[in-house]
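Chemist: Have a peek at protein20.cif (mmCIF, C-alpha atoms).
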```cif
data_structure
#
loop_
_atom_site.group_PDB
_atom_site.id
_atom_site.type_symbol
_atom_site.label_atom_id
_atom_site.label_comp_id
_atom_site.auth_asym_id
_atom_site.auth_seq_id
_atom_site.Cartn_x
_atom_site.Cartn_y
_atom_site.Cartn_z
ATOM 1 C CA MET A 1 -9.680 -12.555 -8.909
ATOM 2 C CA HIS A 2 -8.229 -14.065 -5.757
ATOM 3 C CA TYR A 3 -6.352 -12.190 -3.024
ATOM 4 C CA THR A 4 -4.765 -13.291 0.247
ATOM 5 C CA GLY A 5 -4.943 -11.058 3.323
ATOM 6 C CA THR A 6 -4.663 -7.271 3.064
ATOM 7 C CA ILE A 7 -3.445 -6.094 -0.321
ATOM 8 C CA TRP A 8 -0.937 -3.235 -0.240
ATOM 9 C CA ARG A 9 -0.153 -1.102 -3.268
ATOM 10 C CA PRO A 10 1.304 2.392 -3.747
ATOM 11 C CA PRO A 11 -1.267 5.168 -4.306
ATOM 12 C CA TYR A 12 0.134 5.776 -7.786
ATOM 13 C CA GLU A 13 -0.849 2.224 -8.798
ATOM 14 C CA ALA A 14 -4.561 2.930 -8.237
ATOM 15 C CA ALA A 15 -5.413 2.471 -11.927
ATOM 16 C CA SER A 16 -3.384 -0.738 -12.327
ATOM 17 C CA LEU A 17 -4.822 -4.241 -12.403
ATOM 18 C CA LEU A 18 -3.750 -5.916 -9.144
ATOM 19 C CA LEU A 19 -2.596 -9.460 -9.848
ATOM 20 C CA GLU A 20 -1.581 -11.650 -6.928
ATOM 21 C CA VAL A 21 1.500 -13.718 -7.742
ATOM 22 C CA THR A 22 2.963 -13.890 -4.214
ATOM 23 C CA ALA A 23 1.775 -13.319 -0.663
ATOM 24 C CA GLY A 24 3.958 -12.358 2.269
ATOM 25 C CA CYS A 25 7.583 -11.220 2.370
ATOM 26 C CA THR A 26 10.775 -13.188 1.769
ATOM 27 C CA TRP A 27 12.676 -11.098 4.356
ATOM 28 C CA HIS A 28 10.088 -10.438 7.082
ATOM 29 C CA ARG A 29 12.728 -9.095 9.494
ATOM 30 C CA CYS A 30 12.404 -5.291 9.369
ATOM 31 C CA LYS A 31 11.907 -4.245 12.976
ATOM 32 C CA PHE A 32 9.208 -1.673 12.256
ATOM 33 C CA CYS A 33 7.047 -3.761 9.904
ATOM 34 C CA THR A 34 3.825 -5.564 10.858
ATOM 35 C CA LEU A 35 2.145 -5.521 7.429
ATOM 36 C CA TYR A 36 2.266 -9.266 6.857
ATOM 37 C CA ASP A 37 2.076 -10.584 10.427
ATOM 38 C CA GLY A 38 -1.494 -11.806 9.922
ATOM 39 C CA LEU A 39 -0.531 -14.420 7.331
ATOM 40 C CA PRO A 40 -0.080 -18.046 8.475
ATOM 41 C CA PHE A 41 3.111 -18.277 6.406
ATOM 42 C CA GLN A 42 6.099 -16.021 5.672
ATOM 43 C CA PHE A 43 6.086 -16.092 1.878
ATOM 44 C CA ARG A 44 4.210 -18.032 -0.757
ATOM 45 C CA MET A 45 4.101 -18.004 -4.540
ATOM 46 C CA THR A 46 0.684 -18.248 -6.160
ATOM 47 C CA PRO A 47 0.320 -21.432 -8.243
ATOM 48 C CA PRO A 48 0.741 -20.616 -11.963
ATOM 49 C CA GLU A 49 -2.679 -22.080 -12.781
ATOM 50 C CA THR A 50 -4.297 -19.643 -10.320
ATOM 51 C CA VAL A 51 -2.435 -16.699 -11.859
ATOM 52 C CA GLU A 52 -3.625 -17.808 -15.296
ATOM 53 C CA ALA A 53 -7.226 -18.150 -14.076
ATOM 54 C CA ASP A 54 -7.118 -14.613 -12.661
ATOM 55 C CA LEU A 55 -5.780 -13.291 -15.958
ATOM 56 C CA ARG A 56 -8.610 -15.019 -17.828
ATOM 57 C CA GLU A 57 -11.080 -13.330 -15.483
ATOM 58 C CA ALA A 58 -9.406 -9.951 -16.012
ATOM 59 C CA GLN A 59 -9.536 -10.507 -19.773
ATOM 60 C CA MET A 60 -13.287 -11.188 -19.571
ATOM 61 C CA MET A 61 -13.915 -8.116 -17.398
ATOM 62 C CA ALA A 62 -12.026 -5.881 -19.838
ATOM 63 C CA HIS A 63 -14.285 -6.966 -22.700
ATOM 64 C CA ASP A 64 -17.561 -7.570 -20.832
ATOM 65 C CA PRO A 65 -20.477 -6.111 -22.879
ATOM 66 C CA MET A 66 -22.490 -5.511 -19.689
ATOM 67 C CA GLY A 67 -19.607 -3.548 -18.205
ATOM 68 C CA LYS A 68 -19.496 -1.365 -21.297
ATOM 69 C CA LEU A 69 -23.274 -0.834 -21.133
ATOM 70 C CA ALA A 70 -23.095 0.104 -17.438
ATOM 71 C CA ALA A 71 -20.362 2.623 -18.169
ATOM 72 C CA LEU A 72 -22.453 4.127 -20.982
ATOM 73 C CA LEU A 73 -25.534 4.469 -18.756
ATOM 74 C CA GLN A 74 -23.472 6.095 -15.991
ATOM 75 C CA GLY A 75 -21.686 8.461 -18.336
ATOM 76 C CA LEU A 76 -18.322 6.845 -17.600
ATOM 77 C CA PRO A 77 -15.524 6.113 -20.075
ATOM 78 C CA GLU A 78 -15.894 2.781 -21.810
ATOM 79 C CA PRO A 79 -13.701 0.111 -20.206
ATOM 80 C CA GLY A 80 -10.680 -0.559 -22.351
ATOM 81 C CA GLY A 81 -7.805 -2.977 -22.298
ATOM 82 C CA VAL A 82 -5.634 -3.180 -19.186
ATOM 83 C CA ARG A 83 -2.581 -0.930 -19.673
ATOM 84 C CA ARG A 84 -0.636 -1.796 -16.529
ATOM 85 C CA VAL A 85 -0.490 -4.745 -14.144
ATOM 86 C CA PHE A 86 0.818 -4.467 -10.591
ATOM 87 C CA LEU A 87 1.920 -7.760 -9.051
ATOM 88 C CA THR A 88 0.936 -7.928 -5.388
ATOM 89 C CA GLY A 89 2.895 -9.189 -2.393
ATOM 90 C CA ALA A 90 5.710 -7.599 -0.380
ATOM 91 C CA ASN A 91 8.388 -8.341 -2.980
ATOM 92 C CA PRO A 92 7.342 -10.399 -6.022
ATOM 93 C CA PHE A 93 10.610 -9.371 -7.705
ATOM 94 C CA ALA A 94 12.255 -11.977 -5.458
ATOM 95 C CA LEU A 95 10.887 -14.653 -7.783
ATOM 96 C CA SER A 96 13.375 -16.127 -10.218
ATOM 97 C CA SER A 97 13.727 -14.510 -13.622
ATOM 98 C CA GLU A 98 12.268 -17.664 -15.132
ATOM 99 C CA LYS A 99 9.102 -17.417 -13.027
ATOM 100 C CA LEU A 100 8.752 -13.681 -13.579
ATOM 101 C CA GLY A 101 9.274 -14.273 -17.279
ATOM 102 C CA HIS A 102 6.485 -16.864 -17.347
ATOM 103 C CA ILE A 103 4.154 -14.419 -15.584
ATOM 104 C CA GLY A 104 5.094 -11.718 -18.087
ATOM 105 C CA GLU A 105 4.300 -14.047 -20.982
ATOM 106 C CA LEU A 106 0.911 -14.898 -19.453
ATOM 107 C CA VAL A 107 0.114 -11.193 -19.075
ATOM 108 C CA ARG A 108 0.977 -10.638 -22.743
ATOM 109 C CA ARG A 109 -1.174 -13.590 -23.813
ATOM 110 C CA TYR A 110 -4.317 -12.612 -21.908
ATOM 111 C CA LEU A 111 -3.929 -8.811 -21.786
ATOM 112 C CA PRO A 112 -2.275 -7.827 -25.078
ATOM 113 C CA ALA A 113 -2.955 -4.118 -24.462
ATOM 114 C CA CYS A 114 -0.841 -4.196 -21.291
ATOM 115 C CA GLU A 115 2.232 -2.011 -21.677
ATOM 116 C CA THR A 116 4.009 -2.365 -18.328
ATOM 117 C CA ILE A 117 4.249 -4.583 -15.260
ATOM 118 C CA GLY A 118 5.197 -3.266 -11.817
ATOM 119 C CA CYS A 119 5.632 -4.670 -8.325
ATOM 120 C CA PHE A 120 7.288 -4.112 -4.968
ATOM 121 C CA ALA A 121 10.954 -5.088 -4.813
ATOM 122 C CA ARG A 122 13.726 -5.239 -2.248
ATOM 123 C CA VAL A 123 17.187 -3.961 -3.109
ATOM 124 C CA THR A 124 18.488 -7.501 -2.607
ATOM 125 C CA ASP A 125 15.980 -8.894 -5.141
ATOM 126 C CA VAL A 126 17.687 -6.856 -7.858
ATOM 127 C CA GLY A 127 21.117 -8.068 -6.757
ATOM 128 C CA ARG A 128 20.161 -11.706 -7.331
ATOM 129 C CA LYS A 129 19.536 -11.142 -11.040
ATOM 130 C CA THR A 130 22.153 -10.811 -13.765
ATOM 131 C CA ASP A 131 22.300 -7.796 -16.052
ATOM 132 C CA GLY A 132 21.026 -9.994 -18.874
ATOM 133 C CA GLU A 133 18.065 -11.176 -16.810
ATOM 134 C CA LEU A 134 17.136 -7.611 -15.894
ATOM 135 C CA LYS A 135 17.180 -6.568 -19.547
ATOM 136 C CA ALA A 136 15.061 -9.574 -20.522
ATOM 137 C CA LEU A 137 12.499 -8.658 -17.862
ATOM 138 C CA ARG A 138 12.454 -5.085 -19.144
ATOM 139 C CA ASP A 139 11.723 -6.413 -22.617
ATOM 140 C CA LEU A 140 8.703 -8.225 -21.151
ATOM 141 C CA GLY A 141 7.406 -4.948 -19.725
ATOM 142 C CA TYR A 142 8.755 -5.000 -16.160
ATOM 143 C CA THR A 143 9.300 -1.371 -15.235
ATOM 144 C CA GLY A 144 8.216 1.020 -12.524
ATOM 145 C CA LEU A 145 9.409 -1.082 -9.563
ATOM 146 C CA SER A 146 8.521 0.295 -6.121
ATOM 147 C CA ILE A 147 11.509 -0.203 -3.829
ATOM 148 C CA GLY A 148 11.137 0.214 -0.081
ATOM 149 C CA VAL A 149 14.603 1.588 0.530
ATOM 150 C CA GLU A 150 13.151 3.363 3.646
ATOM 151 C CA THR A 151 16.325 5.438 4.192
ATOM 152 C CA GLY A 152 19.868 5.922 2.937
ATOM 153 C CA HIS A 153 21.183 6.313 6.490
ATOM 154 C CA GLY A 154 23.559 3.425 7.188
ATOM 155 C CA PRO A 155 23.101 3.201 10.999
ATOM 156 C CA SER A 156 19.304 3.140 10.585
ATOM 157 C CA LEU A 157 19.442 0.438 7.900
ATOM 158 C CA ARG A 158 21.601 -1.716 10.174
ATOM 159 C CA PHE A 159 19.544 -1.184 13.314
ATOM 160 C CA MET A 160 16.248 -1.834 11.538
ATOM 161 C CA ASP A 161 17.660 -5.062 10.036
ATOM 162 C CA LYS A 162 16.952 -4.130 6.408
ATOM 163 C CA GLY A 163 19.580 -6.517 5.058
ATOM 164 C CA TYR A 164 21.478 -4.040 2.856
ATOM 165 C CA GLY A 165 23.460 -0.803 3.132
ATOM 166 C CA PRO A 166 23.500 2.590 1.395
ATOM 167 C CA GLU A 167 26.011 1.519 -1.266
ATOM 168 C CA ASP A 168 23.815 -1.452 -2.169
ATOM 169 C CA ILE A 169 21.000 0.986 -2.985
ATOM 170 C CA VAL A 170 23.275 2.890 -5.368
ATOM 171 C CA THR A 171 24.821 -0.204 -6.963
ATOM 172 C CA GLN A 172 21.574 -2.055 -7.639
ATOM 173 C CA THR A 173 19.568 0.931 -8.873
ATOM 174 C CA ARG A 174 22.347 1.794 -11.308
ATOM 175 C CA ARG A 175 21.987 -1.733 -12.665
ATOM 176 C CA LEU A 176 18.265 -1.057 -13.105
ATOM 177 C CA ASP A 177 19.180 2.158 -14.950
ATOM 178 C CA GLY A 178 21.433 0.132 -17.220
ATOM 179 C CA ALA A 179 18.612 -2.315 -17.961
ATOM 180 C CA GLY A 180 16.125 0.485 -18.680
ATOM 181 C CA ILE A 181 13.904 -0.372 -15.697
ATOM 182 C CA ARG A 182 12.319 2.656 -14.024
ATOM 183 C CA TYR A 183 11.965 2.595 -10.240
ATOM 184 C CA HIS A 184 10.436 4.524 -7.379
ATOM 185 C CA PHE A 185 11.645 4.880 -3.778
ATOM 186 C CA MET A 186 9.610 4.608 -0.609
ATOM 187 C CA TYR A 187 11.090 6.610 2.270
ATOM 188 C CA LEU A 188 10.076 6.115 5.914
ATOM 189 C CA ALA A 189 10.549 9.214 8.060
ATOM 190 C CA GLY A 190 11.340 8.450 11.695
ATOM 191 C CA LEU A 191 13.695 5.490 11.354
ATOM 192 C CA PRO A 192 16.808 7.265 12.714
ATOM 193 C CA GLY A 193 15.096 7.834 16.079
ATOM 194 C CA THR A 194 14.939 10.889 18.284
ATOM 195 C CA GLY A 195 17.788 13.333 17.867
ATOM 196 C CA HIS A 196 18.942 11.798 14.578
ATOM 197 C CA GLY A 197 16.157 12.605 12.082
ATOM 198 C CA ALA A 198 17.933 15.451 10.296
ATOM 199 C CA GLU A 199 21.163 13.450 10.166
ATOM 200 C CA GLY A 200 19.327 10.504 8.612
ATOM 201 C CA ALA A 201 17.576 12.695 6.046
ATOM 202 C CA ALA A 202 20.812 14.415 5.005
ATOM 203 C CA ALA A 203 22.525 11.043 4.557
ATOM 204 C CA SER A 204 19.543 9.762 2.560
ATOM 205 C CA ALA A 205 19.605 12.780 0.251
ATOM 206 C CA GLU A 206 23.302 12.168 -0.452
ATOM 207 C CA VAL A 207 22.580 8.549 -1.404
ATOM 208 C CA PHE A 208 19.443 9.296 -3.422
ATOM 209 C CA ASN A 209 21.264 12.032 -5.354
ATOM 210 C CA ARG A 210 23.439 9.275 -6.829
ATOM 211 C CA THR A 211 20.390 7.409 -8.150
ATOM 212 C CA ASN A 212 17.566 8.066 -10.612
ATOM 213 C CA PRO A 213 14.126 7.360 -9.072
ATOM 214 C CA LYS A 214 11.105 8.788 -10.867
ATOM 215 C CA ILE A 215 9.095 9.078 -7.626
ATOM 216 C CA ILE A 216 10.057 9.339 -3.965
ATOM 217 C CA GLY A 217 7.065 8.603 -1.778
ATOM 218 C CA SER A 218 7.553 9.443 1.885
ATOM 219 C CA SER A 219 5.596 7.784 4.699
ATOM 220 C CA MET A 220 5.919 8.315 8.444
ATOM 221 C CA LEU A 221 6.854 5.646 10.941
ATOM 222 C CA THR A 222 3.897 4.484 13.027
ATOM 223 C CA LEU A 223 4.917 2.275 15.916
ATOM 224 C CA PHE A 224 2.656 -0.705 16.626
ATOM 225 C CA PRO A 225 2.958 -2.892 19.778
ATOM 226 C CA GLU A 226 3.310 -6.051 17.677
ATOM 227 C CA SER A 227 6.561 -4.873 16.075
ATOM 228 C CA ARG A 228 10.101 -5.800 17.054
ATOM 229 C CA LEU A 229 10.833 -2.081 17.182
ATOM 230 C CA TYR A 230 8.296 -1.632 19.991
ATOM 231 C CA ARG A 231 10.266 -4.127 22.051
ATOM 232 C CA GLU A 232 13.453 -2.155 21.337
ATOM 233 C CA VAL A 233 11.724 0.941 22.745
ATOM 234 C CA GLN A 234 10.708 -0.949 25.871
ATOM 235 C CA ALA A 235 14.304 -2.134 26.295
ATOM 236 C CA GLY A 236 15.585 1.440 26.006
ATOM 237 C CA ALA A 237 17.566 0.679 22.831
ATOM 238 C CA TRP A 238 15.729 3.179 20.598
ATOM 239 C CA ALA A 239 13.452 6.212 21.101
ATOM 240 C CA GLU A 240 10.827 7.491 18.677
ATOM 241 C CA GLU A 241 11.113 10.906 17.067
ATOM 242 C CA SER A 242 8.450 13.471 17.898
ATOM 243 C CA GLU A 243 5.961 14.273 15.143
ATOM 244 C CA LEU A 244 7.578 17.671 14.612
ATOM 245 C CA GLU A 245 10.996 16.037 14.322
ATOM 246 C CA LYS A 246 9.636 13.668 11.677
ATOM 247 C CA LEU A 247 8.372 16.681 9.717
ATOM 248 C CA GLU A 248 11.782 18.323 10.092
ATOM 249 C CA GLU A 249 13.346 15.117 8.761
ATOM 250 C CA VAL A 250 11.131 15.278 5.672
ATOM 251 C CA ARG A 251 12.039 18.950 5.261
ATOM 252 C CA VAL A 252 15.773 18.206 5.360
ATOM 253 C CA LEU A 253 15.290 15.470 2.767
ATOM 254 C CA VAL A 254 13.356 17.752 0.408
ATOM 255 C CA GLU A 255 15.963 20.479 0.830
ATOM 256 C CA GLY A 256 18.829 18.080 0.140
ATOM 257 C CA LEU A 257 17.484 16.338 -2.968
ATOM 258 C CA LYS A 258 19.198 17.660 -6.113
ATOM 259 C CA ILE A 259 17.855 15.136 -8.620
ATOM 260 C CA PRO A 260 14.741 15.692 -10.763
ATOM 261 C CA VAL A 261 12.012 13.668 -9.038
ATOM 262 C CA TRP A 262 8.347 13.798 -8.088
ATOM 263 C CA PHE A 263 8.209 13.922 -4.285
ATOM 264 C CA ALA A 264 5.078 13.232 -2.267
ATOM 265 C CA THR A 265 4.049 12.257 1.249
ATOM 266 C CA LEU A 266 1.959 9.226 0.427
ATOM 267 C CA GLY A 267 -0.445 7.110 2.440
ATOM 268 C CA ALA A 268 -2.461 7.325 5.651
ATOM 269 C CA SER A 269 0.637 7.583 7.849
ATOM 270 C CA ASN A 270 1.071 11.231 6.786
ATOM 271 C CA ALA A 271 -1.022 13.816 8.608
ATOM 272 C CA VAL A 272 0.549 16.477 6.372
ATOM 273 C CA VAL A 273 0.319 15.934 2.614
ATOM 274 C CA VAL A 274 2.738 17.656 0.240
ATOM 275 C CA GLN A 275 3.561 16.806 -3.341
ATOM 276 C CA GLY A 276 5.394 18.356 -6.240
ATOM 277 C CA ASN A 277 8.236 18.149 -8.699
ATOM 278 C CA LEU A 278 11.775 18.781 -7.530
ATOM 279 C CA PRO A 279 13.628 20.993 -7.958
ATOM 280 C CA GLU A 280 10.987 23.282 -9.535
ATOM 281 C CA GLU A 281 8.511 23.231 -6.631
ATOM 282 C CA ARG A 282 10.988 22.934 -3.757
ATOM 283 C CA SER A 283 10.103 26.327 -2.243
ATOM 284 C CA ALA A 284 6.386 25.514 -2.171
ATOM 285 C CA LEU A 285 6.991 22.119 -0.567
ATOM 286 C CA LEU A 286 9.273 23.607 2.091
ATOM 287 C CA ALA A 287 6.799 26.393 2.843
ATOM 288 C CA LYS A 288 3.996 23.904 3.440
ATOM 289 C CA LEU A 289 6.202 21.756 5.681
ATOM 290 C CA ASP A 290 7.284 24.848 7.631
ATOM 291 C CA ALA A 291 3.663 25.879 8.138
ATOM 292 C CA ALA A 292 2.835 22.413 9.473
ATOM 293 C CA ARG A 293 5.610 22.638 12.074
ATOM 294 C CA GLU A 294 4.061 25.513 13.988
ATOM 295 C CA GLU A 295 4.584 25.491 17.731
ATOM 296 C CA GLY A 296 1.808 23.641 19.532
ATOM 297 C CA ARG A 297 1.063 21.194 16.700
ATOM 298 C CA GLU A 298 2.845 18.246 18.328
ATOM 299 C CA GLU A 299 -0.144 17.006 20.328
ATOM 300 C CA ALA A 300 -2.550 17.262 17.387
ATOM 301 C CA LEU A 301 -0.140 15.376 15.136
ATOM 302 C CA ARG A 302 0.496 12.772 17.846
ATOM 303 C CA GLN A 303 -3.244 12.275 18.270
ATOM 304 C CA TYR A 304 -3.511 11.615 14.537
ATOM 305 C CA ARG A 305 -0.753 9.005 14.843
ATOM 306 C CA ARG A 306 -2.506 7.319 17.798
ATOM 307 C CA SER A 307 -5.759 7.164 15.851
ATOM 308 C CA LEU A 308 -4.311 4.981 13.088
ATOM 309 C CA PRO A 309 -5.524 1.397 13.588
ATOM 310 C CA HIS A 310 -3.266 0.189 10.789
ATOM 311 C CA LEU A 311 -1.576 1.460 7.636
#
```
Just dump the structure as structure tokens.

Modeler:
Amino acid sequence: MHYTGTIWRPPYEAASLLLEVTAGCTWHRCKFCTLYDGLPFQFRMTPPETVEADLREAQMMAHDPMGKLAALLQGLPEPGGVRRVFLTGANPFALSSEKLGHIGELVRRYLPACETIGCFARVTDVGRKTDGELKALRDLGYTGLSIGVETGHGPSLRFMDKGYGPEDIVTQTRRLDGAGIRYHFMYLAGLPGTGHGAEGAAASAEVFNRTNPKIIGSSMLTLFPESRLYREVQAGAWAEESELEKLEEVRVLVEGLKIPVWFATLGASNAVVVQGNLPEERSALLAKLDAAREEGREEALRQYRRSLPHL
């Protein structure tokens, strides 16, 4: 298997086969993001022959007699066929439907036990595909897209240069609903900036309540000196929320969500981990967030943030 640079995947894709089909990001303009700065290019598609070679390798690994023997000796479950593939890169769903279709056909050929294919996607990637193309991709197994919406707060989306607005989130995810493609949201607490966290969370809840994500994974903004956002701070155009304000933002979001969804604070950026099904476990989630916001915790939480070398 070949991989380029650091490979990012959601925690809930831990059991998926990671297949590189792109590297980098087609947009690469979000002010807070530094995830793909180390690449010598902005975006690149993996040559089809390389994708096919990786799938042949994955096919061999899934049926390797030595792997099965090792599992037996270690008391582990016997390796079986790959059930899910996660395409790596910032937004592989930006590829044309024809190219994604070819990848889907290759996955079916080499990994016939595979049931679903997932990847990261931008809201705008969905908008570039017709309803018919989305349904055809669903028929090939594309479902469970992870969409970095970040927020539903219009002013934050504009300032952070996300390239879409709140109504675009609603419009494009409803098209995914119509095609039968499941999707998950990634939320980034802290984008509204100091004094606006609760406002941003309330606006996000209103937008998300008009959609149908299966998972909302919340991360917390960590400001790195290499980002465009850091330069905005230096220029006095934006100020970072305190750690307690970020937790309050997450609390307001949890309180405002009325849709059935699994909510979790995911990834290393969260010093406080909560997870549970909404609306059933709302009270437990809120209680844990309230406990984490005790007076005097700001410095400890800030120290955790400063200790993060990367995400």

Chemist: How many Å lie between atom CA of Leu87 of chain A and atom CA of Ile117 of chain A, rounded to one decimal?

Modeler: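 So the answer is 7.4 Å.
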
Chemist: Could you tell me, as an NGL selection string, exactly which residues end up selected when the PyMOL selection byres ((chain A and resi 187-202) around 10) is applied to this structure?

Modeler: :A and (32 or 147-157 or 159-160 or 184-186 or 203-208 or 216-223 or 229 or 238-243 or 245-257 or 265-266 or 269-270)

Chemist: Which residues fall under the PyMOL selection byres ((chain A and resi 297-307) around 7) in this file, as a list in words?

Modeler: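 Taken on the displayed file, the PyMOL selection byres ((chain A and resi 297-307) around 7) yields the residues Thr222, Glu243, Leu244, Ala271, Arg293, Glu294, Glu295, Gly296, Leu308 and Pro309 of chain A.
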
Chemist: Calculated over all atoms listed in the file, which of the candidates A:Gln59, A:Asp131, A:Asn212, A:Gly89 has the smallest distance to Arg108 of chain A?

Modeler: A:Gln59

Chemist: Any chance you could work out the residue set of the PyMOL selection byres ((chain A and resi 180) around 9) here, as a VMD selection string?

Modeler: chain A and resid 134 to 135 138 143 175 to 179 181 to 182
